[in-house]
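S.K.: Contents of entry.cif (mmCIF, C-alpha atoms):
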```
data_work
loop_
_atom_site.group_PDB
_atom_site.id
_atom_site.type_symbol
_atom_site.label_atom_id
_atom_site.label_comp_id
_atom_site.auth_asym_id
_atom_site.auth_seq_id
_atom_site.Cartn_x
_atom_site.Cartn_y
_atom_site.Cartn_z
ATOM 1 C CA MET K 1 36.931 68.047 97.466
ATOM 2 C CA ASN K 2 36.593 68.563 93.722
ATOM 3 C CA GLU K 3 34.008 66.487 91.888
ATOM 4 C CA TYR K 4 36.282 65.828 88.907
ATOM 5 C CA GLN K 5 39.957 65.102 88.513
ATOM 6 C CA LEU K 6 42.306 65.271 85.548
ATOM 7 C CA ILE K 7 44.317 62.078 85.071
ATOM 8 C CA ILE K 8 47.551 62.609 83.145
ATOM 9 C CA THR K 9 49.335 59.543 81.803
ATOM 10 C CA ILE K 10 52.688 59.745 80.016
ATOM 11 C CA VAL K 11 53.622 56.730 77.871
ATOM 12 C CA ASN K 12 56.017 55.849 75.082
ATOM 13 C CA ALA K 13 54.596 56.726 71.665
ATOM 14 C CA GLY K 14 52.265 54.120 70.244
ATOM 15 C CA PHE K 15 50.852 52.855 73.529
ATOM 16 C CA SER K 16 48.103 55.438 74.037
ATOM 17 C CA GLY K 17 45.501 53.117 72.489
ATOM 18 C CA THR K 18 46.350 50.325 74.934
ATOM 19 C CA VAL K 19 46.208 52.706 77.902
ATOM 20 C CA MET K 20 42.874 54.165 76.746
ATOM 21 C CA THR K 21 41.409 50.656 76.412
ATOM 22 C CA ILE K 22 42.469 49.904 80.001
ATOM 23 C CA ALA K 23 41.091 53.263 81.199
ATOM 24 C CA LYS K 24 37.762 52.768 79.434
ATOM 25 C CA GLU K 25 37.349 49.306 80.947
ATOM 26 C CA ALA K 26 37.910 50.913 84.367
ATOM 27 C CA GLY K 27 35.264 53.608 83.823
ATOM 28 C CA ALA K 28 36.745 56.411 81.707
ATOM 29 C CA ARG K 29 34.525 57.903 79.014
ATOM 30 C CA GLY K 30 37.197 59.274 76.696
ATOM 31 C CA GLY K 31 40.442 61.159 76.535
ATOM 32 C CA THR K 32 42.751 63.337 74.488
ATOM 33 C CA VAL K 33 46.233 62.380 73.350
ATOM 34 C CA ILE K 34 48.961 65.004 72.966
ATOM 35 C CA HIS K 35 52.265 64.239 71.287
ATOM 36 C CA ALA K 36 55.323 64.995 73.446
ATOM 37 C CA ARG K 37 59.046 64.369 73.697
ATOM 38 C CA GLY K 38 60.941 62.947 76.673
ATOM 39 C CA THR K 39 64.187 64.437 77.996
ATOM 40 C CA GLY K 40 65.673 61.664 80.070
ATOM 41 C CA LEU K 41 68.262 60.146 77.746
ATOM 42 C CA LYS K 42 71.122 62.694 77.834
ATOM 43 C CA SER K 43 73.551 60.094 79.213
ATOM 44 C CA MET K 44 72.711 57.725 76.366
ATOM 45 C CA GLU K 45 73.369 60.530 73.869
ATOM 46 C CA LYS K 46 76.847 61.067 75.311
ATOM 47 C CA LYS K 47 77.569 57.351 75.418
ATOM 48 C CA TYR K 48 76.557 56.513 71.880
ATOM 49 C CA GLY K 49 77.107 59.934 70.253
ATOM 50 C CA ILE K 50 73.724 60.045 68.592
ATOM 51 C CA ALA K 51 70.698 62.146 69.423
ATOM 52 C CA ILE K 52 67.878 60.032 70.759
ATOM 53 C CA ALA K 53 64.405 61.552 70.576
ATOM 54 C CA PRO K 54 62.190 59.496 72.859
ATOM 55 C CA ASP K 55 58.730 60.174 71.505
ATOM 56 C CA LYS K 56 56.026 60.195 74.158
ATOM 57 C CA GLU K 57 52.297 60.531 74.311
ATOM 58 C CA MET K 58 50.466 62.414 77.035
ATOM 59 C CA ILE K 59 46.919 61.244 77.690
ATOM 60 C CA LEU K 60 44.472 63.622 79.383
ATOM 61 C CA ILE K 61 41.373 62.064 80.968
ATOM 62 C CA VAL K 62 38.827 64.039 82.990
ATOM 63 C CA ALA K 63 36.894 61.679 85.235
ATOM 64 C CA ASN K 64 34.553 61.721 88.209
ATOM 65 C CA LYS K 65 36.406 61.337 91.514
ATOM 66 C CA GLU K 66 34.504 58.084 92.169
ATOM 67 C CA VAL K 67 36.205 56.312 89.264
ATOM 68 C CA VAL K 68 39.586 58.066 89.363
ATOM 69 C CA ASP K 69 41.155 55.525 91.731
ATOM 70 C CA ASP K 70 39.871 52.591 89.645
ATOM 71 C CA ILE K 71 41.256 54.076 86.420
ATOM 72 C CA MET K 72 44.638 54.934 87.925
ATOM 73 C CA THR K 73 44.997 51.540 89.612
ATOM 74 C CA ALA K 74 44.075 49.728 86.389
ATOM 75 C CA ILE K 75 46.579 51.756 84.334
ATOM 76 C CA ASN K 76 49.300 51.240 86.953
ATOM 77 C CA ASN K 77 48.698 47.498 87.206
ATOM 78 C CA GLU K 78 48.429 46.776 83.499
ATOM 79 C CA ALA K 79 50.664 49.464 81.980
ATOM 80 C CA GLY K 80 52.708 50.897 84.863
ATOM 81 C CA ILE K 81 56.443 51.235 85.372
ATOM 82 C CA GLY K 82 56.752 47.484 85.981
ATOM 83 C CA THR K 83 55.464 46.676 82.495
ATOM 84 C CA LYS K 84 56.937 47.304 79.034
ATOM 85 C CA ILE K 85 54.566 50.252 78.462
ATOM 86 C CA LYS K 86 56.094 52.115 81.457
ATOM 87 C CA ALA K 87 53.222 54.543 81.969
ATOM 88 C CA ILE K 88 53.550 57.336 84.541
ATOM 89 C CA THR K 89 50.160 58.349 85.895
ATOM 90 C CA PHE K 90 49.126 61.170 88.222
ATOM 91 C CA SER K 91 45.997 63.199 88.847
ATOM 92 C CA LEU K 92 45.190 66.866 89.493
ATOM 93 C CA PRO K 93 42.062 68.376 91.035
ATOM 94 C CA VAL K 94 40.052 70.423 88.528
ATOM 95 C CA ASP K 95 37.386 73.109 89.032
ATOM 96 C CA HIS K 96 34.673 74.701 86.908
ATOM 97 C CA VAL K 97 34.229 71.729 84.577
ATOM 98 C CA SER K 98 31.845 72.086 81.643
ATOM 99 C CA GLY K 99 31.069 69.904 78.631
ATOM 100 C CA LEU K 100 30.836 66.588 80.491
ATOM 101 C CA LYS K 101 27.605 64.616 80.531
ATOM 102 C CA TYR K 102 27.538 61.834 83.125
ATOM 103 C CA MET S 1 85.272 114.483 120.320
ATOM 104 C CA ALA S 2 82.400 112.365 119.319
ATOM 105 C CA VAL S 3 81.775 111.972 115.626
ATOM 106 C CA LYS S 4 78.210 112.099 114.599
ATOM 107 C CA THR S 5 77.404 109.529 112.027
ATOM 108 C CA LYS S 6 74.457 110.022 109.812
ATOM 109 C CA GLU S 7 71.862 107.469 110.527
ATOM 110 C CA LYS S 8 70.681 105.968 107.366
ATOM 111 C CA LYS S 9 67.010 105.519 107.078
ATOM 112 C CA THR S 10 66.695 101.947 106.109
ATOM 113 C CA LYS S 11 63.051 101.479 105.352
ATOM 114 C CA MET S 12 62.398 97.822 104.733
ATOM 115 C CA GLU S 13 59.653 97.345 102.220
ATOM 116 C CA LYS S 14 57.201 94.595 102.816
ATOM 117 C CA PRO S 15 57.235 91.731 100.319
ATOM 118 C CA PHE S 16 54.945 92.083 97.315
ATOM 119 C CA GLU S 17 52.605 89.324 98.429
ATOM 120 C CA GLU S 18 52.009 91.102 101.789
ATOM 121 C CA ARG S 19 51.430 94.619 100.510
ATOM 122 C CA SER S 20 49.133 93.722 97.601
ATOM 123 C CA ASN S 21 45.867 91.937 97.389
ATOM 124 C CA LEU S 22 46.737 88.829 95.401
ATOM 125 C CA SER S 23 44.152 86.787 93.592
ATOM 126 C CA LYS S 24 44.610 83.107 92.923
ATOM 127 C CA LEU S 25 45.455 82.104 89.361
ATOM 128 C CA TYR S 26 44.119 79.095 87.481
ATOM 129 C CA LEU S 27 45.342 77.238 84.416
ATOM 130 C CA CYS S 28 42.282 76.904 82.178
ATOM 131 C CA PHE S 29 41.966 74.111 79.627
ATOM 132 C CA ALA S 30 39.489 73.805 76.769
ATOM 133 C CA ILE S 31 39.658 70.692 74.589
ATOM 134 C CA VAL S 32 37.687 71.212 71.380
ATOM 135 C CA ASN S 33 37.461 69.839 67.851
ATOM 136 C CA ALA S 34 40.184 70.958 65.431
ATOM 137 C CA GLY S 35 39.477 74.368 63.937
ATOM 138 C CA MET S 36 37.476 75.622 66.902
ATOM 139 C CA SER S 37 40.407 76.915 68.954
ATOM 140 C CA SER S 38 40.232 80.454 67.521
ATOM 141 C CA ASP S 39 36.653 80.837 68.826
ATOM 142 C CA VAL S 40 37.677 79.581 72.270
ATOM 143 C CA ILE S 41 40.667 81.957 72.351
ATOM 144 C CA LYS S 42 38.333 84.868 71.538
ATOM 145 C CA ILE S 43 36.088 83.846 74.460
ATOM 146 C CA MET S 44 39.032 83.496 76.838
ATOM 147 C CA GLN S 45 40.599 86.800 75.833
ATOM 148 C CA ALA S 46 37.260 88.604 76.159
ATOM 149 C CA ILE S 47 36.938 87.331 79.742
ATOM 150 C CA GLY S 48 40.468 88.389 80.695
ATOM 151 C CA CYS S 49 42.973 85.703 79.864
ATOM 152 C CA SER S 50 46.455 87.102 79.381
ATOM 153 C CA ALA S 51 48.198 84.245 77.604
ATOM 154 C CA CYS S 52 46.613 81.533 75.474
ATOM 155 C CA PHE S 53 48.361 78.586 73.897
ATOM 156 C CA VAL S 54 47.043 75.978 71.455
ATOM 157 C CA GLN S 55 48.311 72.405 71.301
ATOM 158 C CA ASN S 56 47.239 69.816 68.742
ATOM 159 C CA GLY S 57 45.813 66.580 70.082
ATOM 160 C CA THR S 58 43.958 63.444 69.087
ATOM 161 C CA GLY S 59 40.662 62.155 70.438
ATOM 162 C CA THR S 60 40.273 58.586 71.631
ATOM 163 C CA ALA S 61 36.875 57.605 70.250
ATOM 164 C CA ASP S 62 36.038 53.903 70.036
ATOM 165 C CA GLU S 63 37.957 52.200 67.234
ATOM 166 C CA THR S 64 34.884 50.183 66.215
ATOM 167 C CA LEU S 65 32.825 53.364 66.056
ATOM 168 C CA ARG S 66 35.581 55.066 64.079
ATOM 169 C CA THR S 67 35.730 52.276 61.483
ATOM 170 C CA ILE S 68 31.939 52.252 61.116
ATOM 171 C CA LEU S 69 31.862 56.020 60.589
ATOM 172 C CA ASN S 70 34.991 55.808 58.381
ATOM 173 C CA PHE S 71 36.982 58.297 60.462
ATOM 174 C CA VAL S 72 40.744 57.919 60.321
ATOM 175 C CA GLU S 73 41.323 59.935 63.475
ATOM 176 C CA SER S 74 39.518 62.605 65.455
ATOM 177 C CA LYS S 75 41.686 65.702 65.636
ATOM 178 C CA LYS S 76 41.421 67.941 68.680
ATOM 179 C CA GLU S 77 42.917 71.213 69.849
ATOM 180 C CA VAL S 78 43.850 71.875 73.457
ATOM 181 C CA VAL S 79 43.627 75.566 74.405
ATOM 182 C CA ILE S 80 45.514 76.503 77.579
ATOM 183 C CA GLY S 81 45.321 79.889 79.304
ATOM 184 C CA VAL S 82 45.902 81.516 82.688
ATOM 185 C CA MET S 83 43.042 83.294 84.425
ATOM 186 C CA ARG S 84 42.189 84.928 87.751
ATOM 187 C CA GLU S 85 39.853 83.111 90.136
ATOM 188 C CA SER S 86 37.228 85.863 89.867
ATOM 189 C CA LYS S 87 36.906 85.229 86.108
ATOM 190 C CA LEU S 88 36.341 81.464 86.367
ATOM 191 C CA ASP S 89 32.548 81.601 86.655
ATOM 192 C CA ASP S 90 32.379 83.695 83.488
ATOM 193 C CA PHE S 91 34.706 81.206 81.762
ATOM 194 C CA GLN S 92 32.543 78.246 82.785
ATOM 195 C CA ASN S 93 29.296 79.934 81.744
ATOM 196 C CA ASP S 94 30.671 81.111 78.399
ATOM 197 C CA MET S 95 32.053 77.661 77.622
ATOM 198 C CA LYS S 96 28.694 76.057 78.505
ATOM 199 C CA ILE S 97 27.011 78.416 76.036
ATOM 200 C CA PHE S 98 29.706 77.680 73.420
ATOM 201 C CA PHE S 99 29.202 73.901 73.762
ATOM 202 C CA ALA S 100 25.421 74.292 73.564
ATOM 203 C CA LEU S 101 25.506 76.502 70.452
ATOM 204 C CA SER S 102 26.183 73.765 67.914
ATOM 205 C CA LYS S 103 26.795 70.026 67.702
ATOM 206 C CA LYS S 104 30.162 70.826 66.117
ATOM 207 C CA ASN S 105 31.224 72.636 69.271
ATOM 208 C CA LYS S 106 31.712 69.460 71.268
ATOM 209 C CA GLY S 107 34.357 69.631 73.921
ATOM 210 C CA ILE S 108 35.266 69.961 77.541
ATOM 211 C CA SER S 109 36.722 72.730 79.675
ATOM 212 C CA PHE S 110 38.157 72.811 83.181
ATOM 213 C CA ALA S 111 40.547 74.774 85.399
ATOM 214 C CA ILE S 112 43.480 73.725 87.594
ATOM 215 C CA PRO S 113 44.684 75.974 90.464
ATOM 216 C CA LEU S 114 48.288 77.180 90.238
ATOM 217 C CA SER S 115 50.247 76.748 93.455
ATOM 218 C CA ALA S 116 53.050 79.256 92.786
ATOM 219 C CA ILE S 117 54.242 81.863 90.285
ATOM 220 C CA ALA S 118 57.925 82.782 89.899
ATOM 221 C CA GLY S 119 58.461 86.542 89.629
ATOM 222 C CA ILE S 120 56.337 89.595 90.376
ATOM 223 C CA LYS S 121 56.288 90.757 86.758
ATOM 224 C CA THR S 122 55.175 87.305 85.650
ATOM 225 C CA TYR S 123 52.335 87.405 88.163
ATOM 226 C CA LYS S 124 51.313 90.905 87.080
ATOM 227 C CA PHE S 125 51.333 89.831 83.421
ATOM 228 C CA LEU S 126 49.340 86.675 84.026
ATOM 229 C CA SER S 127 46.813 88.338 86.319
ATOM 230 C CA GLN S 128 46.609 91.422 84.058
ATOM 231 C CA THR S 129 47.348 93.842 86.921
ATOM 232 C CA ILE S 130 50.225 95.750 85.270
#
```
Can you dump the structure from the file as C-alpha cells?

M.R.:
Amino acid sequence: MNEYQLIITIVNAGFSGTVMTIAKEAGARGGTVIHARGTGLKSMEKKYGIAIAPDKEMILIVANKEVVDDIMTAINNEAGIGTKIKAITFSLPVDHVSGLKY
Amino acid sequence: MAVKTKEKKTKMEKPFEERSNLSKLYLCFAIVNAGMSSDVIKIMQAIGCSACFVQNGTGTADETLRTILNFVESKKEVVIGVMRESKLDDFQNDMKIFFALSKKNKGISFAIPLSAIAGIKTYKFLSQTI
C-alpha cells in the first residue's frame, strides 16, 4: 500500500479555510486550494431562467496514510454533506512523492 | 452444378492492448510557488511528459503566521502532466533536486496511476509512442 494519499475535498466557495482548520486539527500539514465551478444546477437554470454559477473550491491535501482516515472522518463529521458546508471528500493513492518533510 | 464461392479471408486482428506492450501511465502533479511552473514544465518535458497543464491555486498557510509576515495570500501553481511508469523515478529525482536547489523552490510532487485511457491515439499521444 502507498505511504501517502491525496485527499481531495470539494466545497462551496468560501469554506476552504474552515475545512483546512478542521484538517489541520486532525493532522494535516497544509494544502492547496484550486478555484472550480460546479455543474449540478441545470434544472434550477431552466426553472428560474437565470444562469447560476455555483463557485466551488477544491482542496488538495497530501497526507501520510496513518492520518488520512482521521482527516477524512473529521472533515466528514464537521463539514460533510449533512452540514451547511456540504463537503465531498475522497482520497487517491499517490506514488513517487517528493517535497514532504515529516 | 455447384457454385464455388470465394472464401473471404477474414483475418481478425488482435486488440491493440494484446498486440502491443503497454506501459502504465501516471498523472503527475507538482505544486510549486507562483512563477515556478515554467521551470517544472521544462523538467517534465525533458523527462518525457507529453502534455502539461498549469492551474492557479492558493496555499493554506497558518492565518496567524500570514498576518505576522504580512502576507495577503500565498499563490501557488499546480502543474499536471501525464507520464509513463518508467519515467517516474527520473521525475521524482529531478523534483527532489529542484526542491533542494533553492528555498524559493518549495513545493511537493506526486503521481497518481491512471486506470484507463479512452482511444488508441490518445494513449499513443500520452505515452509518446506515436

S.K.: Return as a PDB file with C-alpha atoms, in the frame of the given file the set of residues that the PyMOL selection byres ((chain S) within 10 of (chain K)) yields on the displayed structure.

M.R.:
```
ATOM      1  CA  TYR S  26      44.119  79.095  87.481  1.00  0.00           C
ATOM      2  CA  LEU S  27      45.342  77.238  84.416  1.00  0.00           C
ATOM      3  CA  CYS S  28      42.282  76.904  82.178  1.00  0.00           C
ATOM      4  CA  PHE S  29      41.966  74.111  79.627  1.00  0.00           C
ATOM      5  CA  ALA S  30      39.489  73.805  76.769  1.00  0.00           C
ATOM      6  CA  ILE S  31      39.658  70.692  74.589  1.00  0.00           C
ATOM      7  CA  VAL S  32      37.687  71.212  71.380  1.00  0.00           C
ATOM      8  CA  GLN S  55      48.311  72.405  71.301  1.00  0.00           C
ATOM      9  CA  ASN S  56      47.239  69.816  68.742  1.00  0.00           C
ATOM     10  CA  GLY S  57      45.813  66.580  70.082  1.00  0.00           C
ATOM     11  CA  THR S  58      43.958  63.444  69.087  1.00  0.00           C
ATOM     12  CA  GLY S  59      40.662  62.155  70.438  1.00  0.00           C
ATOM     13  CA  THR S  60      40.273  58.586  71.631  1.00  0.00           C
ATOM     14  CA  ALA S  61      36.875  57.605  70.250  1.00  0.00           C
ATOM     15  CA  ASP S  62      36.038  53.903  70.036  1.00  0.00           C
ATOM     16  CA  GLU S  63      37.957  52.200  67.234  1.00  0.00           C
ATOM     17  CA  SER S  74      39.518  62.605  65.455  1.00  0.00           C
ATOM     18  CA  LYS S  75      41.686  65.702  65.636  1.00  0.00           C
ATOM     19  CA  LYS S  76      41.421  67.941  68.680  1.00  0.00           C
ATOM     20  CA  GLU S  77      42.917  71.213  69.849  1.00  0.00           C
ATOM     21  CA  VAL S  78      43.850  71.875  73.457  1.00  0.00           C
ATOM     22  CA  LEU S  88      36.341  81.464  86.367  1.00  0.00           C
ATOM     23  CA  ASP S  89      32.548  81.601  86.655  1.00  0.00           C
ATOM     24  CA  ASP S  90      32.379  83.695  83.488  1.00  0.00           C
ATOM     25  CA  PHE S  91      34.706  81.206  81.762  1.00  0.00           C
ATOM     26  CA  GLN S  92      32.543  78.246  82.785  1.00  0.00           C
ATOM     27  CA  ASN S  93      29.296  79.934  81.744  1.00  0.00           C
ATOM     28  CA  ASP S  94      30.671  81.111  78.399  1.00  0.00           C
ATOM     29  CA  MET S  95      32.053  77.661  77.622  1.00  0.00           C
ATOM     30  CA  LYS S  96      28.694  76.057  78.505  1.00  0.00           C
ATOM     31  CA  ILE S  97      27.011  78.416  76.036  1.00  0.00           C
ATOM     32  CA  PHE S  98      29.706  77.680  73.420  1.00  0.00           C
ATOM     33  CA  PHE S  99      29.202  73.901  73.762  1.00  0.00           C
ATOM     34  CA  ALA S 100      25.421  74.292  73.564  1.00  0.00           C
ATOM     35  CA  ASN S 105      31.224  72.636  69.271  1.00  0.00           C
ATOM     36  CA  LYS S 106      31.712  69.460  71.268  1.00  0.00           C
ATOM     37  CA  GLY S 107      34.357  69.631  73.921  1.00  0.00           C
ATOM     38  CA  ILE S 108      35.266  69.961  77.541  1.00  0.00           C
ATOM     39  CA  SER S 109      36.722  72.730  79.675  1.00  0.00           C
ATOM     40  CA  PHE S 110      38.157  72.811  83.181  1.00  0.00           C
ATOM     41  CA  ALA S 111      40.547  74.774  85.399  1.00  0.00           C
ATOM     42  CA  ILE S 112      43.480  73.725  87.594  1.00  0.00           C
ATOM     43  CA  PRO S 113      44.684  75.974  90.464  1.00  0.00           C
TER      44      PRO S 113
END
```

S.K.: Written as a list of chain:residue names, what is the full residue list that the PyMOL selection byres ((chain K and resi 85) around 12) yields on the file shown?

M.R.: K:Thr9, K:Ile10, K:Val11, K:Asn12, K:Ala13, K:Gly14, K:Phe15, K:Ser16, K:Gly17, K:Thr18, K:Val19, K:Lys56, K:Glu57, K:Ile75, K:Asn76, K:Asn77, K:Glu78, K:Ala79, K:Gly80, K:Ile81, K:Gly82, K:Thr83, K:Lys84, K:Lys86, K:Ala87, K:Ile88, K:Thr89

S.K.: Keeping only C-alpha atoms, write those residues as a PDB file, in the coordinates of the input.

M.R.:
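Final output, part29.pdb:
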```pdb
ATOM      1  CA  THR K   9      49.335  59.543  81.803  1.00  0.00           C
ATOM      2  CA  ILE K  10      52.688  59.745  80.016  1.00  0.00           C
ATOM      3  CA  VAL K  11      53.622  56.730  77.871  1.00  0.00           C
ATOM      4  CA  ASN K  12      56.017  55.849  75.082  1.00  0.00           C
ATOM      5  CA  ALA K  13      54.596  56.726  71.665  1.00  0.00           C
ATOM      6  CA  GLY K  14      52.265  54.120  70.244  1.00  0.00           C
ATOM      7  CA  PHE K  15      50.852  52.855  73.529  1.00  0.00           C
ATOM      8  CA  SER K  16      48.103  55.438  74.037  1.00  0.00           C
ATOM      9  CA  GLY K  17      45.501  53.117  72.489  1.00  0.00           C
ATOM     10  CA  THR K  18      46.350  50.325  74.934  1.00  0.00           C
ATOM     11  CA  VAL K  19      46.208  52.706  77.902  1.00  0.00           C
ATOM     12  CA  LYS K  56      56.026  60.195  74.158  1.00  0.00           C
ATOM     13  CA  GLU K  57      52.297  60.531  74.311  1.00  0.00           C
ATOM     14  CA  ILE K  75      46.579  51.756  84.334  1.00  0.00           C
ATOM     15  CA  ASN K  76      49.300  51.240  86.953  1.00  0.00           C
ATOM     16  CA  ASN K  77      48.698  47.498  87.206  1.00  0.00           C
ATOM     17  CA  GLU K  78      48.429  46.776  83.499  1.00  0.00           C
ATOM     18  CA  ALA K  79      50.664  49.464  81.980  1.00  0.00           C
ATOM     19  CA  GLY K  80      52.708  50.897  84.863  1.00  0.00           C
ATOM     20  CA  ILE K  81      56.443  51.235  85.372  1.00  0.00           C
ATOM     21  CA  GLY K  82      56.752  47.484  85.981  1.00  0.00           C
ATOM     22  CA  THR K  83      55.464  46.676  82.495  1.00  0.00           C
ATOM     23  CA  LYS K  84      56.937  47.304  79.034  1.00  0.00           C
ATOM     24  CA  LYS K  86      56.094  52.115  81.457  1.00  0.00           C
ATOM     25  CA  ALA K  87      53.222  54.543  81.969  1.00  0.00           C
ATOM     26  CA  ILE K  88      53.550  57.336  84.541  1.00  0.00           C
ATOM     27  CA  THR K  89      50.160  58.349  85.895  1.00  0.00           C
TER      28      THR K  89
END
```

S.K.: So how many Å separate CA of Glu13 in chain S and CA of Lys121 in chain S, to one decimal?

M.R.: 17.1 Å

S.K.: Rounded to one decimal in Å, what is the spacing between CA of Leu126 in chain S and CA of Val82 in chain S?

M.R.: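 Separating CA of Leu126 in chain S from CA of Val82 in chain S is a distance of 6.3 Å.
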
S.K.: Closest to Pro54 in chain K among K:Val68, K:Ala36, K:Ala23, K:Ala74, using all atoms listed in the file?

M.R.: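 Of K:Val68, K:Ala36, K:Ala23, K:Ala74, the one nearest Pro54 in chain K, counting all atoms listed in the file, is K:Ala36.
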
S.K.: Could you tell me how far CA of Gly48 in chain S lies from CA of Gly81 in chain S, in Å and to one decimal?

M.R.: 9.9 Å

S.K.: Please expand the PyMOL selection byres ((chain K and resi 65) around 8) into the concrete residues it hits in this file, giving the result as a list in words.

M.R.: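 For this structure, the PyMOL selection byres ((chain K and resi 65) around 8) captures Asn2, Glu3, Tyr4, Gln5, Ala63, Asn64, Glu66, Val67, Val68 and Asp69 of chain K.
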
S.K.: Put a box with edges along x, y and z around all the listed atoms of range 66-83 of chain K, pad it by 8 Å on each side, then give me its centre and sizes in Å, one decimal, as JSON.

M.R.:
```
{"center_x": 45.6, "center_y": 52.4, "center_z": 87.1, "size_x": 38.2, "size_y": 27.4, "size_z": 26.2}
```

S.K.: Show which residues sit within 10 Å of Ala116 in chain S, as a list in words. Count all atoms listed in the file, and ignore same-chain residues fewer than 4 positions away.

M.R.: Lys24, Leu25 and Tyr123 of chain S
